[in-house]
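First the structure, in the form of structure tokens, and then the observations on it.
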Amino acid sequence: MRPHYKFWPRRLPHAITLPATSLWDNLAISARRYPDKAALVFFGTATSYRQLMEGAERLAARLAQLGVQRGDRVVLCMQNCPQLVMAHFAILRANAVVVPVNPMNRAEELKHYVTDPDTKVAITTADLASELAKASNALALGERLAHLVVTQFTDAFDPGVKGADAPPEAWMEWLSTRHPLPALEGGCTYAWTDAVACSDMSPALAVGPDDLALLPYTSGTTGLPKGCMHLHKSIMHNAVASSLWGNGSADNVTLAVVPMFHITGMVSVMHTAIYCGATLVVMPRWDRDLAGRLISRYQVTTWTNIPTMVIDLLGSPNFASYDLSSLAYIGGGGAAMPQAVAQRLLEQYGLRYAEGYGLTETAAPSHSNPPDHPKQQCLGIPFMGTDARVIDPETLQEMPVGEQGEIIIHGPEVFQGYWKRPDATAAAFIEFDGKRFFRSGDLGRMDEEGYFFLTDRLKRMINASGFKVWPAEVEALMFRHPAIQEACIIAAKDSYRGETVKAVVVLRASHQDTTEQQIIDWCRENMAVYKVPRIVQFVTALPKSGSGKVMWRLLQEKEPADATASGG
């Protein structure tokens with residue numbers, strides 16, 4: 001027996017029997033059970049389960065009118081808002097496939113999401129519509145979008161809302177401006193309000209567990225992003241398993257602030273909540289004081305996040321006025337939760353931060369910490385129905401307990417392969433113990449209790465005079481420094497050591513007078529000498545992706561220019 005079963009929550013089975021239905025059915029069933037219950041709350045405006053289902057059905061009918069057929073791919077590009085949830089389920093109801101796209105992408109990047117999945121229809125918000133139209137208009141005639149459905153944020157809330165529900169002042173222009181529909185060359189644009197007023201019948205629901213449901217794109221170390229083919233059943237698995245794992249019920253109130261275009265927000269937050277009949281309190285992007293107010297006002301019970309959000313909320317000057325007592329579950333992933341912050345959550349609120357791990361290819365969690373027995377700075381144990389191992393990436397032999405290797409994953413949540421990329425698919429899977437395992441490309445180790453720890457990306461390593469430095473380990477150590485709010489470790493060229501360690505640091509507002517030398521001296525006292533950053537660069541903020549992860553590659557690529565500018 002695998003060692004982690006000793007710490008398995010006793011209330012839970014090791015593997016689950018999946019519903020033999022589509023993801024659409026989760027919404028339809030919750031709407032039958034809880035028709036008048038709030039499915040979504042957005043700046044004080046509630047959308048009931050009945051309203052969400054009926055709106056999605058009308059939009060599905062409109063998509064069918066626009067020619068969307070079973071298996072067609074439809075782009076969905078927007079920040080968190082009720083329309084994202086309604087459109088996501090409408091696409092599924094139209095027997096089609098959701099192509100979720102990061103709203104931070106610009107026209108040049110967006111072209112790929114139109115051409116690669118052969119998309120003819122896209123749904124977006126008015127602030128992004130011109131960028132999508134620009135991308136489509138720049139393409140060859142046969143490759144362009146034929147239809148673009150555009151919603152305004154104010155289709156979903158009253159911009160005059162006051163009090164705890166009001167958007168931050170700095171967002172008002174962004175959220176309340178009503179943009180004109182852009183011109184789509186060779187195609188048509190439609191207002192959301194007209195699209196969801198469609199009076200036709202939706203097409204018959206024809207898809208089931210084995211149909212393609214989702215095509216999220218993931219960036220590798222090379223080339224253009226690749227589409228990950230997820231069937232209804234792989235997403236269904238993690239929605240059902242996540243609800244069981246986190247004590248999901250219809251009485252959960254979930255803060256939906258991690259982006260729902262991203263696999264974690266989409267599966268662990270949105271699909272899990274809709275399956276349970278829970279209420280999603282939706283934030284379009286992160287703002288620490290809005291989060292504090294919403295948690296207090298709606299008595300949020302469940303909050304999946306990126307650790308940087310928790311760090312930011314705890315740092316708010318208004319923090320003492322927020323009531324976090326309703327939180328029963330807090331957890332997340334994307335980066336390690338600094339041990340000092342996890343300890344503060346435990347001591348002040350009795351909350352154990354449950355970290356998880358997963359990739360776009362594994363529908364978010366492939367590993368999760370048992371909420372009853374989490375370990376800090378740990379990926380957790382293999383998720384329900386999942387077999388995970390650590391192998392030598394060269395010899396493909398299993399590594400002994402405690403030894404570093406590549407994490408490989410087999411389970412019902414693993415994707416089918418990369419869209420139109422049989423070469424990349426073949427390279428991503430290996431046969432091991434008679435089963436098909438996905439190669440994560442992440443380096444980790446497993447302890448004697450079966451818990452997994454990330455040591456770093458296969459490609460992200462600094463070689464300083466032959467010593468291997470793993471940036472994630474150094475970052476975790478630096479978080480303990482009282483002056484450091486955030487840190488990112490990258491490699492800098494060194495004529496003597498080949499590479500040396502550089503720290504890009506954001507200081508806390510209360511410690512702005514801290515010097516580079518003080519940081520270096522502290523590191524010397526707290527870590528092996530070869531890990532100590534030789535260079536410290538102070539910045540006001542670290543670059544982050546749309547899903548809140550620190551973009552270390554961006555800093556790494558900028559490093560030669562920064563070194564030249566500083567005379568290095």
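Starting from 1 in every chain, residues are counted up; chains themselves are A, B, ... following the order of the structure tokens, and ligands are numbered from 1 as listed.
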
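The environment of stretch 473-484 of chain A within 8 Å, counting only C-alpha atoms and disregarding residues fewer than 5 places along the same chain, consists of Ala336, Pro338, Gln339, Ala340, Thr455, Ile489, Val505, Val506, Leu507, Arg508, Ser510, His511, Gln512, Thr514, Trp522, Cys523, Asn526, Met527, Lys531 and Val532 of chain A.
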
Restricting the output to C-alpha atoms, write the selected residues as a PDB file, in the first residue's frame.
```pdb
ATOM      1  CA  ALA A 336       4.825  27.742  -2.124  1.00  0.00           C
ATOM      2  CA  PRO A 338       5.941  30.946   2.924  1.00  0.00           C
ATOM      3  CA  GLN A 339       6.202  28.998   6.173  1.00  0.00           C
ATOM      4  CA  ALA A 340       6.044  32.148   8.315  1.00  0.00           C
ATOM      5  CA  THR A 455      12.286  21.077  -5.675  1.00  0.00           C
ATOM      6  CA  ILE A 489      15.632  34.020  -7.582  1.00  0.00           C
ATOM      7  CA  VAL A 505      13.235  41.656  -4.098  1.00  0.00           C
ATOM      8  CA  VAL A 506      10.123  43.660  -3.168  1.00  0.00           C
ATOM      9  CA  LEU A 507      10.541  45.241   0.275  1.00  0.00           C
ATOM     10  CA  ARG A 508       7.710  45.685   2.761  1.00  0.00           C
ATOM     11  CA  SER A 510       7.658  49.311   6.662  1.00  0.00           C
ATOM     12  CA  HIS A 511      11.259  48.308   5.739  1.00  0.00           C
ATOM     13  CA  GLN A 512      12.087  50.509   2.748  1.00  0.00           C
ATOM     14  CA  THR A 514      16.816  47.962   4.092  1.00  0.00           C
ATOM     15  CA  TRP A 522      21.103  37.812   6.537  1.00  0.00           C
ATOM     16  CA  CYS A 523      21.160  35.161   3.786  1.00  0.00           C
ATOM     17  CA  ASN A 526      20.457  31.536   7.089  1.00  0.00           C
ATOM     18  CA  MET A 527      21.540  29.356   4.169  1.00  0.00           C
ATOM     19  CA  LYS A 531      22.889  29.533  -2.208  1.00  0.00           C
ATOM     20  CA  VAL A 532      23.411  33.101  -0.978  1.00  0.00           C
TER      21      VAL A 532
END
```

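Residues surrounding A:Ser22 within 12 Å are A:Leu27, A:Ala28, A:Ile29, A:Phe89, A:Leu92, A:Arg93, A:Ala94, A:Asn95, A:Ala96, A:Leu205, A:Ala206, A:Val207, A:Gly208, A:Pro209, A:Asp210, A:Asp211, A:Leu212, A:Ala213, A:Leu214, A:Leu231, A:His232, A:Lys233, A:Ser234, A:Ile235, A:Met236, A:His237, A:Ala239, A:His271, A:Tyr275 [only C-alpha atoms; sequence separation below 5 positions excluded].
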
Practice task
Find the residues around stretch 105-107 of chain A up to 10 Å (only C-alpha atoms counted), leave out those fewer than 4 positions away in its own chain, and share them as a ChimeraX atom specification.
Solution key: /A:77,101,111-112,128,130-138,546

Problem - Contact residues around stretch 394-405 of chain A with only C-alpha atoms at 10 Å, ignoring same-chain residues under 5 positions, as a PyMOL selection string - result: chain A and resi 389+430-432+441-450+452-456+458

Practice task
Mind checking which residues fall within 8 Å of A:Ile409, counting only C-alpha atoms, ignoring those fewer than 6 positions away in the same chain, and posting them as an MDAnalysis selection string?
Solution key: chainID A and resid 366 386:389 437:440

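Between A:Ala354 and the candidates A:Trp8, A:Tyr418, A:Tyr329, A:Tyr451, the tightest atom-to-atom separation, counting only C-alpha atoms, involves A:Tyr329.
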
Practice task
Per DSSP on the backbone, filter stretch 359-449 of chain A down to the residues in strand (DSSP E) and report them as an NGL selection string.
Solution key: :A and (359 or 364-368 or 381-382 or 387-391 or 405-410 or 429-432 or 435-446)
